[in-house]
file input_23.tsv (TSV, C-alpha atoms and all ligand atoms)
chain	number	residue	atom	x	y	z
A	1	MET	CA	-4.71	7.05	-75.09
A	2	LEU	CA	-5.29	8.96	-71.84
A	3	ASN	CA	-5.38	6.59	-68.82
A	4	GLN	CA	-4.49	3.51	-70.89
A	5	ALA	CA	-3.70	1.38	-67.81
A	6	VAL	CA	-7.24	1.87	-66.45
A	7	TYR	CA	-8.70	0.94	-69.85
A	8	ASP	CA	-6.59	-2.25	-70.01
A	9	GLU	CA	-7.63	-3.23	-66.48
A	10	LEU	CA	-11.30	-2.67	-67.32
A	11	LEU	CA	-11.15	-4.88	-70.43
A	12	GLN	CA	-9.49	-7.64	-68.48
A	13	LYS	CA	-11.98	-7.43	-65.58
A	14	TYR	CA	-14.94	-7.24	-67.97
A	15	LYS	CA	-13.89	-10.43	-69.70
A	16	ALA	CA	-13.24	-12.20	-66.39
A	17	HIS	CA	-16.70	-11.24	-65.08
A	18	TYR	CA	-18.91	-11.63	-68.15
A	19	GLY	CA	-16.87	-14.16	-70.15
A	20	LYS	CA	-16.92	-11.99	-73.29
A	21	ASP	CA	-15.49	-8.73	-74.61
A	22	PRO	CA	-17.44	-5.48	-74.53
A	23	ALA	CA	-18.89	-4.23	-77.82
A	24	ILE	CA	-18.24	-0.59	-76.93
A	25	VAL	CA	-16.13	1.33	-74.45
A	26	ALA	CA	-16.77	4.99	-73.71
A	27	TYR	CA	-14.67	7.43	-71.68
A	28	ALA	CA	-15.60	10.58	-69.78
A	29	PRO	CA	-13.30	12.80	-67.71
A	30	GLY	CA	-13.84	14.63	-64.43
A	31	ARG	CA	-13.86	18.40	-64.44
A	32	ILE	CA	-12.26	21.31	-62.66
A	33	GLU	CA	-14.12	24.57	-62.08
A	34	VAL	CA	-11.70	27.43	-62.72
A	35	LEU	CA	-13.89	30.51	-62.23
A	36	GLY	CA	-17.64	31.10	-61.84
A	37	ASN	CA	-18.93	29.46	-58.66
A	38	HIS	CA	-22.62	28.58	-58.32
A	39	THR	CA	-23.39	30.53	-61.46
A	40	ASP	CA	-24.56	27.64	-63.65
A	41	TYR	CA	-28.05	27.27	-62.16
A	42	ASN	CA	-28.33	31.07	-62.07
A	43	GLU	CA	-27.86	31.04	-65.86
A	44	GLY	CA	-24.51	32.84	-65.60
A	45	TYR	CA	-21.01	32.09	-66.93
A	46	VAL	CA	-18.31	29.60	-65.93
A	47	PHE	CA	-14.71	28.78	-66.89
A	48	SER	CA	-14.02	25.08	-66.39
A	49	ALA	CA	-11.95	22.31	-67.93
A	50	ALA	CA	-12.17	18.57	-68.43
A	51	ILE	CA	-9.27	16.94	-66.60
A	52	ASN	CA	-6.77	14.20	-67.39
A	53	TYR	CA	-8.47	11.69	-65.08
A	54	GLY	CA	-11.64	9.90	-66.08
A	55	THR	CA	-13.88	6.86	-66.12
A	56	PHE	CA	-14.28	4.14	-68.77
A	57	PHE	CA	-17.59	2.36	-69.33
A	58	ALA	CA	-17.64	-0.98	-71.17
A	59	ILE	CA	-20.91	-2.37	-72.50
A	60	ALA	CA	-22.33	-5.22	-74.60
A	61	PRO	CA	-25.89	-6.42	-75.22
A	62	ASN	CA	-27.28	-9.38	-73.27
A	63	ASP	CA	-30.36	-11.58	-73.67
A	64	LYS	CA	-31.34	-11.53	-70.01
A	65	GLY	CA	-34.05	-8.86	-70.11
A	66	VAL	CA	-32.26	-6.82	-67.40
A	67	ASN	CA	-29.37	-4.38	-67.31
A	68	ARG	CA	-26.35	-5.42	-65.27
A	69	ILE	CA	-23.74	-2.99	-64.04
A	70	VAL	CA	-20.50	-3.77	-62.21
A	71	ALA	CA	-18.32	-1.24	-60.37
A	72	GLY	CA	-14.89	-2.39	-61.57
A	73	ASP	CA	-13.08	-1.31	-58.40
A	74	LEU	CA	-15.44	-3.31	-56.14
A	75	MET	CA	-16.25	-6.07	-58.66
A	76	HIS	CA	-19.80	-5.91	-57.36
A	77	GLU	CA	-22.81	-6.31	-59.67
A	78	VAL	CA	-26.21	-4.60	-59.53
A	79	ALA	CA	-29.06	-5.62	-61.86
A	80	TYR	CA	-31.96	-3.29	-62.69
A	81	PRO	CA	-35.01	-3.40	-64.98
A	82	LEU	CA	-35.01	-1.93	-68.51
A	83	THR	CA	-37.81	0.51	-67.66
A	84	ASP	CA	-39.05	2.29	-64.52
A	85	ALA	CA	-35.96	1.41	-62.48
A	86	LYS	CA	-36.07	3.18	-59.13
A	87	PRO	CA	-33.07	4.53	-57.18
A	88	VAL	CA	-31.39	1.88	-55.03
A	89	GLU	CA	-30.62	2.40	-51.33
A	90	LYS	CA	-27.66	0.04	-51.13
A	91	ASP	CA	-24.83	0.33	-53.70
A	92	THR	CA	-25.75	3.97	-54.29
A	93	TRP	CA	-22.95	4.31	-56.88
A	94	ALA	CA	-25.31	2.46	-59.23
A	95	ASN	CA	-27.84	5.32	-59.10
A	96	TYR	CA	-25.78	7.46	-61.48
A	97	VAL	CA	-25.86	4.65	-64.04
A	98	ILE	CA	-29.49	3.73	-63.43
A	99	GLY	CA	-30.65	7.36	-63.59
A	100	THR	CA	-28.75	7.93	-66.83
A	101	THR	CA	-30.13	4.74	-68.37
A	102	MET	CA	-33.70	5.75	-67.50
A	103	GLY	CA	-33.17	9.25	-68.95
A	104	LEU	CA	-31.99	7.77	-72.25
A	105	ASN	CA	-34.79	5.24	-72.18
A	106	ALA	CA	-37.24	8.13	-72.18
A	107	LEU	CA	-35.59	9.46	-75.36
A	108	GLN	CA	-35.53	6.10	-77.09
A	109	PRO	CA	-36.94	3.01	-75.35
A	110	GLN	CA	-34.50	0.10	-75.10
A	111	THR	CA	-36.03	-3.34	-75.46
A	112	ALA	CA	-32.99	-5.50	-74.62
A	113	GLY	CA	-30.65	-5.49	-71.66
A	114	PHE	CA	-26.90	-4.86	-71.43
A	115	ASP	CA	-23.90	-6.04	-69.44
A	116	ALA	CA	-21.74	-3.15	-68.33
A	117	MET	CA	-18.77	-2.37	-66.11
A	118	PHE	CA	-17.02	0.89	-65.30
A	119	LEU	CA	-13.60	1.76	-63.91
A	120	GLY	CA	-11.91	5.11	-63.44
A	121	ASN	CA	-9.10	6.96	-61.73
A	122	ILE	CA	-10.71	10.26	-60.70
A	123	PRO	CA	-9.70	10.94	-57.10
A	124	LEU	CA	-12.97	10.69	-55.11
A	125	GLY	CA	-14.37	13.34	-52.77
A	126	MET	CA	-12.09	16.02	-54.22
A	127	GLY	CA	-14.73	17.98	-56.07
A	128	LEU	CA	-13.60	16.68	-59.47
A	129	SER	CA	-17.08	15.44	-60.45
A	130	SER	CA	-16.48	11.73	-60.64
A	131	SER	CA	-20.27	11.35	-60.61
A	132	ALA	CA	-20.77	13.47	-63.74
A	133	ALA	CA	-17.98	11.52	-65.44
A	134	LEU	CA	-19.79	8.27	-64.63
A	135	GLU	CA	-23.07	9.64	-66.00
A	136	MET	CA	-21.45	10.90	-69.19
A	137	CYS	CA	-19.49	7.73	-70.00
A	138	THR	CA	-22.66	5.74	-69.30
A	139	ALA	CA	-24.61	8.01	-71.65
A	140	LYS	CA	-22.00	7.88	-74.42
A	141	ALA	CA	-21.79	4.09	-74.24
A	142	ILE	CA	-25.56	3.52	-74.26
A	143	CYS	CA	-26.04	5.98	-77.14
A	144	ALA	CA	-23.39	4.16	-79.16
A	145	LEU	CA	-24.87	0.74	-78.35
A	146	TYR	CA	-28.42	1.69	-79.36
A	147	ASN	CA	-27.66	4.34	-82.01
A	148	ILE	CA	-29.32	7.07	-79.98
A	149	ASP	CA	-28.67	10.39	-81.67
A	150	ALA	CA	-28.48	12.93	-78.83
A	151	ASP	CA	-26.49	16.18	-78.76
A	152	GLN	CA	-24.16	17.22	-75.93
A	153	VAL	CA	-26.72	19.42	-74.18
A	154	THR	CA	-29.30	16.62	-74.19
A	155	LEU	CA	-26.76	14.21	-72.69
A	156	ALA	CA	-25.77	16.77	-70.06
A	157	LYS	CA	-29.43	17.19	-69.10
A	158	VAL	CA	-29.89	13.42	-68.82
A	159	GLY	CA	-26.95	13.36	-66.38
A	160	GLN	CA	-28.31	16.32	-64.45
A	161	ALA	CA	-31.71	14.62	-64.13
A	162	ALA	CA	-29.96	11.50	-62.79
A	163	GLU	CA	-28.32	13.70	-60.11
A	164	HIS	CA	-31.64	15.33	-59.22
A	165	HIS	CA	-33.87	12.26	-59.17
A	166	TYR	CA	-31.51	9.37	-58.40
A	167	ALA	CA	-28.72	10.93	-56.32
A	168	GLY	CA	-30.64	13.74	-54.62
A	169	CYS	CA	-28.37	16.63	-55.62
A	170	PRO	CA	-30.09	19.63	-57.29
A	171	CYS	CA	-26.97	20.53	-59.33
A	172	GLY	CA	-26.69	22.69	-62.43
A	173	LEU	CA	-25.26	21.55	-65.77
A	174	LEU	CA	-21.64	22.57	-65.24
A	175	ASP	CA	-20.13	19.19	-64.43
A	176	GLN	CA	-21.73	17.31	-67.30
A	177	ILE	CA	-21.06	20.05	-69.89
A	178	SER	CA	-17.41	20.26	-68.85
A	179	SER	CA	-16.95	16.49	-69.01
A	180	LEU	CA	-18.44	16.41	-72.51
A	181	CYS	CA	-16.96	19.54	-74.06
A	182	GLY	CA	-13.37	19.70	-72.77
A	183	GLU	CA	-10.45	19.95	-75.20
A	184	ASP	CA	-6.75	19.35	-74.76
A	185	GLY	CA	-5.02	22.39	-73.25
A	186	LYS	CA	-8.18	24.47	-73.22
A	187	LEU	CA	-10.57	26.05	-70.77
A	188	VAL	CA	-14.28	25.71	-71.47
A	189	LYS	CA	-16.27	28.94	-71.19
A	190	THR	CA	-20.00	28.26	-70.94
A	191	ASP	CA	-22.92	30.65	-71.01
A	192	PHE	CA	-25.50	28.75	-68.97
A	193	ARG	CA	-28.39	30.68	-70.45
A	194	SER	CA	-27.78	30.15	-74.16
A	195	LEU	CA	-25.64	27.05	-73.49
A	196	LYS	CA	-23.15	28.48	-75.94
A	197	ILE	CA	-19.77	26.85	-75.30
A	198	GLU	CA	-16.37	28.23	-76.31
A	199	THR	CA	-12.97	26.69	-75.69
A	200	ILE	CA	-10.06	28.98	-74.91
A	201	ASP	CA	-6.39	28.10	-75.20
A	202	VAL	CA	-4.48	29.38	-72.17
A	203	GLY	CA	-1.12	28.38	-73.62
A	204	ASN	CA	1.72	26.51	-71.95
A	205	ASP	CA	2.91	29.21	-69.57
A	206	VAL	CA	0.41	28.31	-66.85
A	207	CYS	CA	-1.06	25.12	-65.49
A	208	LEU	CA	-3.42	24.03	-62.73
A	209	LEU	CA	-2.94	22.30	-59.41
A	210	MET	CA	-5.72	20.72	-57.38
A	211	CYS	CA	-5.12	20.87	-53.63
A	212	ASN	CA	-7.06	18.42	-51.49
A	213	PRO	CA	-6.85	19.10	-47.75
A	214	HIS	CA	-9.31	16.22	-47.09
A	215	ALA	CA	-12.13	18.42	-45.89
A	216	ARG	CA	-15.62	16.99	-45.79
A	217	HIS	CA	-17.45	17.23	-49.11
A	218	ALA	CA	-21.10	16.30	-49.46
A	219	LEU	CA	-23.33	18.25	-51.80
A	220	VAL	CA	-26.31	16.06	-50.98
A	221	ASP	CA	-26.50	17.06	-47.34
A	222	GLY	CA	-28.67	20.08	-48.01
A	223	GLN	CA	-26.12	22.93	-48.04
A	224	TYR	CA	-25.97	23.09	-51.83
A	225	ALA	CA	-29.75	23.00	-52.07
A	226	SER	CA	-30.13	25.76	-49.47
A	227	ARG	CA	-27.72	28.05	-51.37
A	228	ARG	CA	-29.54	27.37	-54.61
A	229	GLN	CA	-32.85	28.11	-52.92
A	230	ALA	CA	-31.50	31.44	-51.56
A	231	CYS	CA	-30.44	32.45	-55.08
A	232	GLU	CA	-33.77	31.54	-56.63
A	233	SER	CA	-35.76	33.24	-53.87
A	234	ALA	CA	-34.37	36.66	-54.89
A	235	VAL	CA	-35.38	36.46	-58.56
A	236	GLY	CA	-38.98	37.60	-58.05
A	237	TYR	CA	-37.86	40.58	-55.97
A	238	PHE	CA	-35.57	41.89	-58.71
A	239	ALA	CA	-38.19	41.16	-61.36
A	240	GLU	CA	-40.41	43.67	-59.57
A	241	LYS	CA	-37.68	46.26	-59.01
A	242	LEU	CA	-35.92	46.31	-62.39
A	243	ALA	CA	-37.31	47.70	-65.62
A	244	THR	CA	-35.57	44.96	-67.61
A	245	PRO	CA	-36.84	41.33	-67.50
A	246	VAL	CA	-35.45	39.17	-64.69
A	247	THR	CA	-35.91	35.41	-64.94
A	248	ALA	CA	-32.69	34.37	-63.17
A	249	LEU	CA	-29.88	36.06	-61.19
A	250	ARG	CA	-28.07	36.31	-64.52
A	251	ASP	CA	-30.26	39.35	-65.21
A	252	VAL	CA	-29.11	41.17	-62.05
A	253	THR	CA	-25.87	43.18	-62.12
A	254	LEU	CA	-23.74	44.12	-59.12
A	255	ALA	CA	-24.90	47.71	-59.64
A	256	ASN	CA	-28.53	46.51	-59.38
A	257	TRP	CA	-27.61	44.58	-56.26
A	258	VAL	CA	-26.09	47.68	-54.65
A	259	ALA	CA	-29.17	49.73	-55.51
A	260	TYR	CA	-31.80	47.30	-54.20
A	261	GLN	CA	-30.23	44.75	-51.83
A	262	SER	CA	-31.40	46.56	-48.69
A	263	GLY	CA	-34.99	45.37	-49.36
A	264	LEU	CA	-33.96	41.71	-49.15
A	265	ASP	CA	-33.44	39.45	-46.18
A	266	PRO	CA	-29.81	40.25	-45.20
A	267	ILE	CA	-28.64	36.62	-45.52
A	268	VAL	CA	-30.21	36.26	-48.97
A	269	ALA	CA	-28.68	39.60	-50.02
A	270	LYS	CA	-25.24	38.43	-48.94
A	271	ARG	CA	-25.58	35.02	-50.62
A	272	ILE	CA	-26.68	36.30	-54.02
A	273	ALA	CA	-23.85	38.85	-54.24
A	274	HIS	CA	-21.58	35.84	-54.79
A	275	PRO	CA	-22.97	34.35	-58.04
A	276	ILE	CA	-23.71	37.83	-59.38
A	277	GLY	CA	-20.07	38.85	-58.77
A	278	GLU	CA	-18.80	35.51	-60.08
A	279	SER	CA	-20.54	35.88	-63.42
A	280	GLU	CA	-19.05	39.35	-63.82
A	281	ARG	CA	-15.62	37.98	-62.92
A	282	VAL	CA	-15.88	35.33	-65.65
A	283	LEU	CA	-16.62	38.00	-68.27
A	284	GLN	CA	-13.79	40.15	-66.93
A	285	GLY	CA	-11.55	37.07	-66.96
A	286	ALA	CA	-12.37	36.39	-70.61
A	287	ASP	CA	-11.14	39.92	-71.42
A	288	TYR	CA	-7.93	39.36	-69.47
A	289	LEU	CA	-7.29	36.05	-71.23
A	290	ALA	CA	-7.89	37.66	-74.62
A	291	LYS	CA	-5.18	40.20	-73.72
A	292	GLY	CA	-2.89	37.49	-72.36
A	293	ASP	CA	-2.98	39.03	-68.88
A	294	LEU	CA	-2.70	35.89	-66.75
A	295	ILE	CA	-1.73	37.83	-63.64
A	296	ALA	CA	-5.01	39.76	-63.66
A	297	PHE	CA	-6.88	36.54	-64.46
A	298	GLY	CA	-5.25	34.84	-61.47
A	299	GLN	CA	-6.24	37.68	-59.16
A	300	LEU	CA	-9.87	37.01	-60.10
A	301	LEU	CA	-9.46	33.49	-58.67
A	302	PHE	CA	-8.33	34.96	-55.34
A	303	ASP	CA	-11.28	37.40	-55.44
A	304	SER	CA	-13.62	34.51	-56.18
A	305	HIS	CA	-12.42	32.59	-53.14
A	306	GLU	CA	-12.83	35.63	-50.92
A	307	SER	CA	-16.40	35.97	-52.15
A	308	SER	CA	-17.05	32.28	-51.38
A	309	ARG	CA	-15.52	32.66	-47.94
A	310	THR	CA	-17.30	35.81	-46.85
A	311	LEU	CA	-20.55	36.00	-48.87
A	312	PHE	CA	-21.66	32.55	-49.97
A	313	GLU	CA	-19.99	30.88	-46.99
A	314	ASN	CA	-19.37	27.68	-48.93
A	315	SER	CA	-15.70	27.49	-47.98
A	316	CYS	CA	-14.21	25.84	-44.89
A	317	GLU	CA	-11.14	26.32	-42.72
A	318	GLU	CA	-9.06	23.78	-44.63
A	319	LEU	CA	-9.65	25.44	-48.02
A	320	ASP	CA	-9.13	28.91	-46.56
A	321	ASN	CA	-5.78	27.73	-45.24
A	322	VAL	CA	-4.77	26.32	-48.62
A	323	VAL	CA	-5.68	29.52	-50.46
A	324	ALA	CA	-3.92	31.73	-47.87
A	325	ILE	CA	-0.79	29.58	-48.22
A	326	THR	CA	-0.77	29.75	-52.01
A	327	LYS	CA	-0.53	33.55	-51.79
A	328	THR	CA	2.97	33.12	-50.32
A	329	ILE	CA	4.23	30.60	-52.91
A	330	PRO	CA	6.37	31.79	-55.86
A	331	GLY	CA	4.74	31.31	-59.25
A	332	VAL	CA	1.15	31.09	-57.97
A	333	LEU	CA	-1.19	33.47	-59.82
A	334	GLY	CA	-4.50	32.62	-58.16
A	335	ALA	CA	-6.40	30.04	-56.11
A	336	ARG	CA	-9.97	29.33	-55.08
A	337	ILE	CA	-12.59	26.75	-54.20
A	338	SER	CA	-13.44	24.53	-57.16
A	339	GLY	CA	-16.99	23.21	-57.33
A	340	GLY	CA	-19.86	23.14	-54.86
A	341	GLY	CA	-17.81	23.87	-51.75
A	342	PHE	CA	-18.25	22.91	-48.08
A	343	GLY	CA	-15.12	20.80	-48.55
A	344	GLY	CA	-13.53	19.39	-51.68
A	345	SER	CA	-10.47	21.02	-53.18
A	346	ALA	CA	-8.91	24.30	-54.19
A	347	VAL	CA	-7.72	24.95	-57.74
A	348	VAL	CA	-4.45	26.84	-58.14
A	349	LEU	CA	-3.32	28.67	-61.27
A	350	VAL	CA	0.46	28.55	-61.37
A	351	LYS	CA	3.26	29.33	-63.81
A	352	THR	CA	4.24	26.07	-65.47
A	353	ASP	CA	7.95	26.47	-64.80
A	354	ALA	CA	7.22	26.91	-61.08
A	355	ALA	CA	4.48	24.27	-60.79
A	356	ASP	CA	6.47	21.32	-59.43
A	357	ALA	CA	8.21	23.39	-56.78
A	358	ALA	CA	4.93	25.12	-55.89
A	359	ALA	CA	3.17	21.77	-55.43
A	360	VAL	CA	5.80	20.63	-52.93
A	361	ALA	CA	5.88	24.01	-51.18
A	362	ILE	CA	2.07	24.14	-50.75
A	363	ALA	CA	1.97	20.65	-49.23
A	364	GLU	CA	4.88	21.44	-46.88
A	365	ALA	CA	3.48	24.78	-45.77
A	366	TYR	CA	0.06	23.19	-45.16
A	367	LYS	CA	1.66	20.49	-43.01
A	368	ALA	CA	3.65	23.07	-41.08
A	369	LYS	CA	0.61	25.26	-40.47
A	370	THR	CA	-2.01	22.63	-39.64
A	371	GLY	CA	-0.17	19.38	-38.96
A	372	ALA	CA	-2.40	17.74	-41.59
A	373	THR	CA	-1.87	16.49	-45.14
A	374	CYS	CA	-2.84	18.35	-48.29
A	375	ASP	CA	-2.47	16.31	-51.50
A	376	VAL	CA	-1.51	18.38	-54.51
A	377	THR	CA	-2.24	16.97	-57.96
A	378	ARG	CA	-1.26	18.55	-61.26
A	379	ILE	CA	-4.23	18.86	-63.61
A	380	GLN	CA	-3.99	19.01	-67.37
A	381	PRO	CA	-7.01	20.46	-69.21
A	382	SER	CA	-7.91	17.54	-71.47
A	383	GLN	CA	-10.27	16.11	-74.06
A	384	GLY	CA	-13.93	15.55	-73.24
A	385	ALA	CA	-15.99	12.36	-73.36
A	386	CYS	CA	-15.57	10.04	-76.34
A	387	ILE	CA	-15.96	6.50	-77.61
A	388	VAL	CA	-12.68	4.62	-77.38
A	389	LYS	CA	-13.72	1.19	-78.69
B	1	LIG	C1	-21.33	21.50	-58.22
B	1	LIG	C2	-22.57	21.36	-59.08
B	1	LIG	C3	-22.48	22.28	-60.30
B	1	LIG	C4	-22.16	23.72	-59.89
B	1	LIG	C5	-21.00	23.76	-58.90
B	1	LIG	C6	-20.77	25.11	-58.29
B	1	LIG	O1	-20.20	21.05	-58.89
B	1	LIG	O2	-22.72	20.03	-59.50
B	1	LIG	O3	-23.67	22.22	-61.04
B	1	LIG	O4	-23.30	24.35	-59.37
B	1	LIG	O5	-21.17	22.84	-57.83
B	1	LIG	O6	-20.39	26.04	-59.25
call {"tool": "encode", "arguments": {"input": "input_23.tsv", "output": "structure tokens", "more": "lines below"}}
Ligand code: GLA
result
Amino acid sequence: MLNQAVYDELLQKYKAHYGKDPAIVAYAPGRIEVLGNHTDYNEGYVFSAAINYGTFFAIAPNDKGVNRIVAGDLMHEVAYPLTDAKPVEKDTWANYVIGTTMGLNALQPQTAGFDAMFLGNIPLGMGLSSSAALEMCTAKAICALYNIDADQVTLAKVGQAAEHHYAGCPCGLLDQISSLCGEDGKLVKTDFRSLKIETIDVGNDVCLLMCNPHARHALVDGQYASRRQACESAVGYFAEKLATPVTALRDVTLANWVAYQSGLDPIVAKRIAHPIGESERVLQGADYLAKGDLIAFGQLLFDSHESSRTLFENSCEELDNVVAITKTIPGVLGARISGGGFGGSAVVLVKTDAADAAAVAIAEAYKAKTGATCDVTRIQPSQGACIVK
């Protein structure tokens, strides 16, 4: 099993804390965004993958009339009511679990409480969506415990609602869908309008590195929301200009943008060119992958980063340095911001036979250029969320 040592530690800690074994253990991985930045809430396309790091959630019924959740790394317990639980201000990690529980409660009311504990190994603050992983392993475990029959999209929406109403981040569905739908060795291509999901084998010739230069990363501080708002503010304008229906930026092409952008506020015009271009790059990338052209696919990652840096302005100096450095490293095919931005990490597409040397070379070159540390982690596209016990 993936991350067996974490699973073993969780079972042992669960028993020590609750004096019994869990009835069910669920697992959900983090995710990496490979191409298609800020396109999910614009109903566009994204390439992502579930990663080989994740979170386990152990659960059993109790007769206490409350739900109890323990963060296994802190061994700290929070109790919350079965219904109408509000977000907590202290121990804010619990909000992802509470929000997910309340979302499932609305689907099928739960009349008894549970004792739960979670433990994972997703590096935090790196833009690998540890929060979505926590929501999705919570959701899987509760559904198994109470026989709630919910499909993947419903579970993803429950997690998204927890982010919106309990964590204060107006995110799209990318993180939750990727955590649920990943497969070993495959990229997940999602159409965020139809929510049609395909998995694409990229073979063994390339792999991914995640480079963390320890830049600040906080989607809840308003930057993400302001970018989303800029995107949504342009929809009405294009709906008036175009003959075809426009209900999201998905309906606007780059050619439309060129023709009509001058009538928009210049900042809004610049911002929206990013997700519009990103969606087109994902479709172009799918063609390149179908032809096996990984070099052209990699170039799209560099183009994506440039668009983030200059148009959406959701990059930062640290990530720009990482991406610039990767362009000089043998075997690297592409690199870009992964996830919301304003910090976090860069994803690098690299030839597998050059990956180990590239990882060392990126870290060394980053140190030489900036004097600071950049952690480089190899990422394996991996299976999505599941029940393990
Ligand atoms: C974060 C959000 C996602 C998505 C990405 C940017 O990860 O949670 O919904 O918008 O940023 O592509």
call {"tool": "closest_residue", "arguments": {"input": "input_23.tsv", "among": "A:Gly341, A:Gly65, A:Pro29, A:Pro213", "to": "Gln176 in chain A", "atoms": "all atoms listed in the file"}}
result
A:Pro29
call {"tool": "residues_near_ligand", "arguments": {"input": "input_23.tsv", "ligand": "ligand LIG 1 (chain B)", "cutoff": "10 Å", "atoms": "all atoms listed in the file", "output": "VMD selection string"}}
result
chain A and resid 31 to 42 45 to 48 127 to 129 131 to 132 160 163 169 to 177 219 224 to 225 227 to 228 275 278 314 337 to 341 344
call {"tool": "closest_residue", "arguments": {"input": "input_23.tsv", "among": "A:Gly103, A:Arg378, A:Ala167, A:Asp303", "to": "Ala357 in chain A", "atoms": "all atoms listed in the file"}}
result
A:Arg378
call {"tool": "atom_distance", "arguments": {"input": "input_23.tsv", "atom1": "CA of Gly285 in chain A", "atom2": "CA of Leu208 in chain A"}}
result
15.9 Å
call {"tool": "residues_around", "arguments": {"input": "input_23.tsv", "residues": "range 192-206 of chain A", "least_positions_apart": "4", "cutoff": "6 Å", "atoms": "all atoms listed in the file", "output": "list in words"}}
result
Asp40, Glu43, Gly44, Tyr45, Lys186, Leu187, Val188, Val350, Lys351 and Thr352 of chain A
call {"tool": "atom_distance", "arguments": {"input": "input_23.tsv", "atom1": "CA of Thr373 in chain A", "atom2": "CA of Asn212 in chain A"}}
result
8.4 Å
call {"tool": "atom_distance", "arguments": {"input": "input_23.tsv", "atom1": "CA of Ala141 in chain A", "atom2": "CA of Thr190 in chain A"}}
result
24.5 Å
call {"tool": "closest_residue", "arguments": {"input": "input_23.tsv", "among": "A:Leu107, A:Ile276, A:Cys207, A:Ala269", "to": "Gly334 in chain A", "atoms": "only C-alpha atoms"}}
result
A:Cys207
call {"tool": "residues_near_point", "arguments": {"input": "input_23.tsv", "point": "(-35.7, 46.3, -64.9)", "cutoff": "12 Å", "atoms": "all atoms listed in the file", "output": "list in words"}}
result
Val235, Gly236, Tyr237, Phe238, Ala239, Glu240, Lys241, Leu242, Ala243, Thr244, Pro245, Val246, Thr247, Asp251, Val252, Thr253, Asn256, Trp257, Ala259 and Tyr260 of chain A
call {"tool": "residues_around", "arguments": {"input": "input_23.tsv", "residues": "range 147-155 of chain A", "least_positions_apart": "4", "cutoff": "7 Å", "atoms": "all atoms listed in the file", "output": "ChimeraX atom specification"}}
result
/A:108,139,143,159,180
call {"tool": "residues_near_point", "arguments": {"input": "input_23.tsv", "point": "(-12.5, 27.4, -48.0)", "cutoff": "9 Å", "atoms": "only C-alpha atoms", "output": "VMD selection string"}}
result
chain A and resid 305 to 306 308 to 309 313 to 323 336 to 337 341 to 346
call {"tool": "residues_around", "arguments": {"input": "input_23.tsv", "residues": "range 87-91 of chain A", "least_positions_apart": "6", "cutoff": "8 Å", "atoms": "all atoms listed in the file", "output": "list in words"}}
result
Val78, Ile98, Gly99, Tyr166 and Ala167 of chain A
call {"tool": "closest_residue", "arguments": {"input": "input_23.tsv", "among": "A:Ile295, A:Val70, A:Ala85, A:Ala385", "to": "Asn105 in chain A", "atoms": "all atoms listed in the file"}}
result
A:Ala85
call {"tool": "closest_residue", "arguments": {"input": "input_23.tsv", "among": "A:Asn3, A:Ser179, A:Thr377, A:Asn62", "to": "Ala355 in chain A", "atoms": "only C-alpha atoms"}}
result
A:Thr377
call {"tool": "residues_around", "arguments": {"input": "input_23.tsv", "residues": "Ala335 in chain A", "least_positions_apart": "5", "cutoff": "6 Å", "atoms": "only C-alpha atoms", "output": "list in words"}}
result
Leu301, Phe302, Val323, Val347 and Val348 of chain A
call {"tool": "write_last_selection", "arguments": {"input": "input_23.tsv", "atoms": "C-alpha atoms", "output": "mmCIF file, keeping the file's coordinate frame"}}
result
data_model
loop_
_atom_site.group_PDB
_atom_site.id
_atom_site.type_symbol
_atom_site.label_atom_id
_atom_site.label_comp_id
_atom_site.auth_asym_id
_atom_site.auth_seq_id
_atom_site.Cartn_x
_atom_site.Cartn_y
_atom_site.Cartn_z
ATOM 1 C CA LEU A 301 -9.460 33.490 -58.670
ATOM 2 C CA PHE A 302 -8.330 34.960 -55.340
ATOM 3 C CA VAL A 323 -5.680 29.520 -50.460
ATOM 4 C CA VAL A 347 -7.720 24.950 -57.740
ATOM 5 C CA VAL A 348 -4.450 26.840 -58.140
#
call {"tool": "residues_around", "arguments": {"input": "input_23.tsv", "residues": "Glu77 in chain A", "least_positions_apart": "4", "cutoff": "9 Å", "atoms": "only C-alpha atoms", "output": "VMD selection string"}}
result
chain A and resid 68 to 71 117
call {"tool": "closest_residue", "arguments": {"input": "input_23.tsv", "among": "A:Tyr27, A:Tyr146, A:Tyr53, A:Phe114", "to": "Val66 in chain A", "atoms": "all atoms listed in the file"}}
result
A:Phe114
call {"tool": "axis_aligned_box", "arguments": {"input": "input_23.tsv", "around": "range 174-181 of chain A", "padding_each_side": "8 Å", "output": "AutoDock Vina command-line options"}}
result
--center_x -19.3 --center_y 19.5 --center_z -69.2 --size_x 20.8 --size_y 22.2 --size_z 25.6
